[in-house]
Each structure stands twice: as structure tokens, then as C-alpha cells.
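**Q** For reference, the file structure35.txt (compact mmCIF, C-alpha atoms) is included below:
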# COMPACT_ATOMS: atom_id res chain seq x y z
CA MET A 8 30.81 16.55 -33.76
CA ARG A 9 29.10 15.00 -30.77
CA ALA A 10 25.65 13.38 -31.11
CA GLU A 11 22.87 14.36 -28.72
CA PRO A 12 21.50 11.42 -26.66
CA GLN A 13 18.09 10.35 -27.90
CA SER A 14 15.22 9.65 -25.51
CA PRO A 15 13.36 6.36 -26.06
CA LEU A 16 10.08 8.24 -25.40
CA PRO A 17 8.36 10.39 -28.03
CA ARG A 18 8.59 14.13 -27.49
CA ASP A 19 4.85 14.76 -27.78
CA THR A 20 3.28 12.43 -25.25
CA VAL A 21 -0.38 11.48 -25.57
CA PRO A 22 -2.32 10.84 -22.35
CA ALA A 23 -3.17 7.20 -21.64
CA TRP A 24 -6.87 8.06 -21.81
CA SER A 25 -8.96 11.08 -22.55
CA PRO A 26 -12.70 11.37 -22.01
CA PRO A 27 -14.88 12.03 -25.01
CA THR A 28 -15.00 15.69 -25.87
CA THR A 29 -18.23 17.62 -25.66
CA THR A 30 -19.22 20.77 -27.40
CA THR A 31 -21.42 23.68 -26.46
CA ASP A 32 -22.92 23.55 -29.95
CA PRO A 33 -25.69 20.90 -29.77
CA ILE A 34 -25.00 19.39 -33.18
CA LEU A 35 -25.90 15.84 -34.07
CA GLU A 36 -23.11 13.28 -33.68
CA LYS A 37 -22.90 9.59 -34.54
CA ASP A 38 -23.01 7.03 -31.72
CA ALA A 39 -21.33 3.60 -31.65
CA ALA A 40 -24.32 1.98 -33.39
CA GLY A 41 -24.31 4.57 -36.19
CA GLY A 42 -27.36 6.54 -34.98
CA ASP A 43 -27.53 10.27 -34.36
CA PHE A 44 -27.74 11.87 -30.94
CA ARG A 45 -27.36 15.37 -29.58
CA ALA A 46 -23.91 16.13 -28.18
CA ASN A 47 -23.72 16.39 -24.41
CA LEU A 48 -23.47 19.91 -23.13
CA VAL A 49 -21.65 18.93 -19.93
CA LEU A 50 -19.53 15.83 -19.40
CA GLN A 51 -20.63 14.04 -16.25
CA LEU A 52 -18.46 11.14 -15.08
CA MET A 53 -20.45 8.23 -13.69
CA PRO A 54 -19.10 5.98 -10.92
CA LEU A 55 -18.15 2.35 -11.46
CA LYS A 56 -18.86 -0.29 -8.84
CA THR A 57 -15.56 -2.03 -8.10
CA PHE A 58 -14.16 -4.89 -6.09
CA PRO A 59 -11.89 -4.30 -4.28
CA ALA A 60 -13.23 -0.82 -3.61
CA ALA A 61 -11.56 2.02 -5.48
CA ILE A 62 -10.22 4.80 -3.29
CA ARG A 63 -10.00 8.11 -5.19
CA GLY A 64 -10.19 6.22 -8.46
CA VAL A 65 -7.43 3.73 -7.60
CA ILE A 66 -7.74 0.01 -6.88
CA GLN A 67 -4.71 -1.47 -5.20
CA SER A 68 -4.55 -5.23 -5.65
CA GLU A 69 -1.88 -7.91 -5.54
CA LEU A 70 -1.08 -9.90 -8.65
CA ASN A 71 -3.14 -13.11 -9.17
CA TYR A 72 -6.12 -11.66 -7.26
CA SER A 73 -9.53 -10.98 -8.83
CA VAL A 74 -10.74 -7.49 -9.74
CA ILE A 75 -14.28 -6.56 -10.84
CA LEU A 76 -15.45 -3.35 -12.57
CA GLN A 77 -19.20 -2.93 -13.13
CA TRP A 78 -21.34 -0.25 -14.78
CA VAL A 79 -24.37 0.38 -12.51
CA VAL A 80 -26.18 3.30 -14.19
CA THR A 81 -29.40 2.40 -16.01
CA MET A 82 -30.28 4.32 -19.16
CA ASP A 83 -33.38 4.36 -21.32
CA PRO A 84 -33.37 3.39 -24.15
CA GLU A 85 -31.00 0.42 -23.96
CA THR A 86 -27.31 1.25 -24.13
CA VAL A 87 -24.21 -0.14 -25.78
CA LEU A 88 -21.47 -0.47 -23.17
CA SER A 89 -17.82 -0.53 -24.17
CA LEU A 90 -14.76 -0.74 -21.94
CA THR A 91 -11.40 0.87 -22.52
CA PHE A 92 -7.99 0.03 -21.08
CA ASN A 93 -5.46 2.89 -21.20
CA GLY A 94 -7.65 4.54 -23.87
CA VAL A 95 -7.85 1.45 -26.10
CA PRO A 96 -11.12 -0.51 -26.46
CA CYS A 97 -10.87 -3.78 -24.54
CA GLY A 98 -14.36 -5.25 -24.44
CA MET A 99 -18.11 -4.85 -24.36
CA GLY A 100 -20.67 -5.31 -21.59
CA GLU A 101 -21.53 -3.94 -18.19
CA LYS A 102 -19.00 -5.98 -16.20
CA LEU A 103 -15.26 -6.60 -16.49
CA PHE A 104 -14.09 -9.55 -14.40
CA ILE A 105 -10.31 -10.00 -14.13
CA ARG A 106 -9.83 -13.46 -12.64
CA ARG A 107 -6.07 -13.36 -12.03
CA LEU A 108 -4.57 -9.88 -12.21
CA SER A 109 -1.31 -9.76 -14.16
CA TRP A 110 1.29 -7.06 -14.91
CA GLU A 111 -0.27 -6.49 -18.34
CA GLN A 112 -3.66 -5.65 -16.78
CA LEU A 113 -2.37 -2.82 -14.56
CA GLY A 114 -3.59 0.52 -15.88
CA THR A 115 -6.62 2.78 -16.28
CA TYR A 116 -10.08 1.48 -17.20
CA MET A 117 -13.21 3.35 -18.27
CA CYS A 118 -16.69 2.39 -19.42
CA ILE A 119 -18.57 4.29 -22.14
CA ALA A 120 -22.36 3.93 -22.30
CA THR A 121 -24.02 5.10 -25.51
CA ASN A 122 -27.65 5.09 -26.59
CA SER A 123 -29.69 7.06 -29.13
CA LYS A 124 -30.12 9.99 -26.73
CA LYS A 125 -26.83 10.44 -24.91
CA GLN A 126 -23.39 9.12 -24.08
CA LEU A 127 -22.13 8.68 -20.50
CA VAL A 128 -18.58 7.96 -19.44
CA SER A 129 -17.45 6.36 -16.19
CA GLU A 130 -14.89 7.84 -13.88
CA PRO A 131 -11.47 6.41 -14.71
CA VAL A 132 -10.38 3.59 -12.41
CA THR A 133 -6.68 2.78 -12.19
CA ILE A 134 -5.59 -0.69 -11.07
CA SER A 135 -2.16 -0.74 -9.47
CA LEU A 136 -0.08 -2.77 -7.08
CA PRO A 137 -0.13 -1.78 -3.40
CA GLU A 138 2.55 0.63 -2.29
CA PRO A 139 5.44 -1.24 -0.71
CA ILE A 140 5.58 -1.00 3.06
CA ALA A 141 8.73 0.73 4.19
CA GLN A 142 11.13 -1.70 5.79
CA PRO A 143 12.34 -0.70 9.23
CA THR A 144 15.90 0.45 9.29
CA GLU A 145 18.42 -1.43 11.36
CA ALA A 146 19.14 0.15 14.70
CA GLU A 147 22.65 1.34 15.21
CA PRO A 148 24.37 0.02 18.33
CA MET A 149 24.34 2.50 21.15
CA GLU A 150 27.61 3.52 22.65
CA PRO A 151 27.57 3.21 26.44
CA ASP A 152 27.73 6.49 28.28
CA PRO A 153 31.25 6.69 29.80
CA THR A 154 30.07 8.85 32.68
CA LEU A 155 27.54 7.30 35.00
CA SER A 156 26.23 9.68 37.57
CA LEU A 157 23.82 9.15 40.41
CA SER A 158 22.46 11.72 42.78
CA GLY A 159 19.97 12.08 45.57
CA GLY A 160 18.09 9.09 46.96
CA SER A 161 19.28 6.65 44.32
CA ALA A 162 22.93 7.38 45.18
CA ILE A 163 22.30 6.88 48.88
CA GLY A 164 20.32 3.67 48.24
CA LEU A 165 23.11 2.26 46.08
CA LEU A 166 25.70 3.15 48.71
CA VAL A 167 23.70 1.46 51.51
CA ALA A 168 23.13 -1.66 49.37
CA GLY A 169 26.85 -1.84 48.62
CA ILE A 170 27.79 -1.56 52.30
CA LEU A 171 25.24 -4.22 53.30
CA GLY A 172 26.44 -6.52 50.53
CA ALA A 173 30.06 -6.12 51.55
CA GLY A 174 29.15 -6.71 55.24
CA THR A 175 27.25 -9.89 54.32
CA LEU A 176 30.18 -11.15 52.28
CA ILE A 177 32.66 -10.49 55.10
CA ALA A 178 30.33 -12.12 57.66
CA GLY A 179 29.97 -15.18 55.45
CA VAL A 180 33.73 -15.54 55.03
CA CYS A 181 34.28 -15.13 58.80
CA PHE A 182 31.59 -17.72 59.60
CA THR A 183 33.17 -20.21 57.19
CA ILE A 184 36.63 -19.71 58.77
CA ILE A 185 35.27 -20.09 62.31
CA GLN A 186 33.40 -23.26 61.41
CA SER A 187 36.49 -24.64 59.76
CA LEU A 188 38.59 -23.94 62.90
CA ARG A 189 36.00 -25.57 65.21
CA THR A 190 35.92 -28.66 63.04
CA ASP A 191 39.74 -28.86 63.12
CA ARG A 192 39.81 -28.49 66.98
CA GLN A 193 37.22 -31.18 67.43
CA ARG A 194 39.19 -33.56 65.25
CA ILE A 195 42.37 -32.81 67.15
CA GLY A 196 40.62 -33.19 70.50
CA ILE A 197 39.07 -36.52 69.56
CA CYS A 198 42.31 -37.96 68.26
CA SER A 199 44.35 -37.08 71.36
Step by step, read the file and then write its structure as C-alpha cells.

**A**
Amino acid sequence: MRAEPQSPLPRDTVPAWSPPTTTTDPILEKDAAGGDFRANLVLQLMPLKTFPAAIRGVIQSELNYSVILQWVVTMDPETVLSLTFNGVPCGMGEKLFIRRLSWEQLGTYMCIATNSKKQLVSEPVTISLPEPIAQPTEAEPMEPDPTLSLSGGSAIGLLVAGILGAGTLIAGVCFTIIQSLRTDRQRIGICS
């Protein structure tokens, strides 16, 4: 009997992050500090201020560069701010400052702000490496066209240039021969 290959990934995948669920039944829920608050009726994602700027929720940054995520929404009364990385809590406070981005820090971040009245969640921000720039492909050598054709004015111009060039070459050769003969006659005439 042949064994089926096993996948290293679990069959039921869980998303890397999921925003807090809300209900339409305004029951009391417990916040992070243990107090009660009414459940939100509609989940509204709040923006995070980021450096470098996030485009459609994605920050593209090279490794070893700095990245900053900051919660900028003010809430009254005072809030407890917690940060998540790929759905796992990773810190507290209104600002996350990554001094030297590493492979382990690439992923999706969110901020959750909770007070005694409500809970707000930031839009997810994914930090990734820039897309590689496509390398130009090498040009294939071009085969010369075996048939070269000229027509019209360019053919006539090339023909005239060829005739003039040949005439100049012949005239130059004739001049050199004549000069050589004159020099020989003068030498002979002087010696006699």
C-alpha cells in the first residue's frame, strides 16, 4: 500500500490576524483592564501614521532600515494601547519603533485601543521587502539581413559617390605614376 504525501502545513489554516469581532447585540464585554464596556455595533478601522508611508496598507522597506508605526487617534477617557504582530500581542504604547528591520519583523501589525467606553482597532499594516526590480534580459545578436536593397535617391547617391571615389582613386594613381616618371627622367637627364 502506498502512503499519501503529507503536507507540512495544517489543513485548517488560521488567518495571521483577525480584527476583534463585534455583535449587533449591545451586551457588556470586558476590556483589557477588566472593566465593562458596550460592544461596538460597527467595526471602524482607524489609520496608523507610518514611516515610511504605507501604500494600501503595505510598507515596503529594506532590511536594516527603521520603520515607525504610531497610533494618532485620541480617545476620552484614557486608553490602553496594545500592538499585535501577525495576531500575537507584541507590545504596549502608542508608538512602535523598529530600529533595524530584520526578517523576523516582516509581517502584519495592528494597534488596539481600549477604554471604558469603546475599543478601536487600527487598519492592518504589513511590512514587507520591496518587490525585486526585473533584470533586463540579454539581447540576442541580430543576424545581418542577407539582402540589402536601395532604391530611389539613395541608390543614385550611392552610385554617384562610388563613381567619384573610383575616379579619385584612379586620378591619384595616375598622378603618382606621372610624378615618378618625371623624377626618373630628370635624374637621367642630369646624369648624362

**Q** If we count only C-alpha atoms, what is near region 112-116 of chain A at a cut-off of 6 Å, once residues fewer than 4 positions away on the same chain are taken out, given as a list of chain:residue names?

**A**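 With the cut-off at 6 Å, the set is A:Thr91, A:Phe92, A:Asn93, A:Pro131, A:Val132, A:Thr133, A:Ile134, A:Ser135.
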
**Q** Would you please work out which residue, of A:Arg107, A:Lys56, A:Lys125, A:Arg194, is nearest to Glu85 (chain A) when using all atoms listed in the file?

**A**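 So, comparing all the options, the nearest one is A:Lys125.
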
**Q** From the set A:Leu108, A:Met99, A:Ala168, A:Ala162, which residue has the shortest atom-to-atom contact distance to Gln67 (chain A), counting all atoms listed in the file?

**A**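 Checking each of A:Leu108, A:Met99, A:Ala168, A:Ala162 against Gln67 (chain A), counting all atoms listed in the file, the winner is A:Leu108.
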
**Q** CA of Ser73 (chain A) and CA of Glu101 (chain A), how far apart in Å?

**A**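 Interatomic distance, CA of Glu101 (chain A) to CA of Ser73 (chain A): 16.8 Å.
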
**Q** What does the structure give for the distance between CA of Thr121 (chain A) and CA of Val95 (chain A), in Å to one decimal?

**A** 16.6 Å

**Q** Please determine, counting all atoms listed in the file, which residue among A:Thr57, A:Ser161, A:Ser129, A:Ser89 has the shortest atom-to-atom distance to Phe104 (chain A).

**A**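 Distance minimum relative to Phe104 (chain A) lands on A:Thr57.
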
**Q** Which residues, protein or nucleic acid, reach to within 12 Å of (-21.9, 0.0, -14.2) in the file's coordinates when using all atoms listed in the file, and can you give that as number ranges by chain?

**A** A: 52-57, 75-82, 86-90, 99-103, 117-120, 127-130

**Q** Rounded to one decimal place, report the CA of Leu188 (chain A)-CA of Thr175 (chain A) distance in Å.

**A**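 Spanning CA of Leu188 (chain A) to CA of Thr175 (chain A) is a straight-line distance of 20.0 Å.
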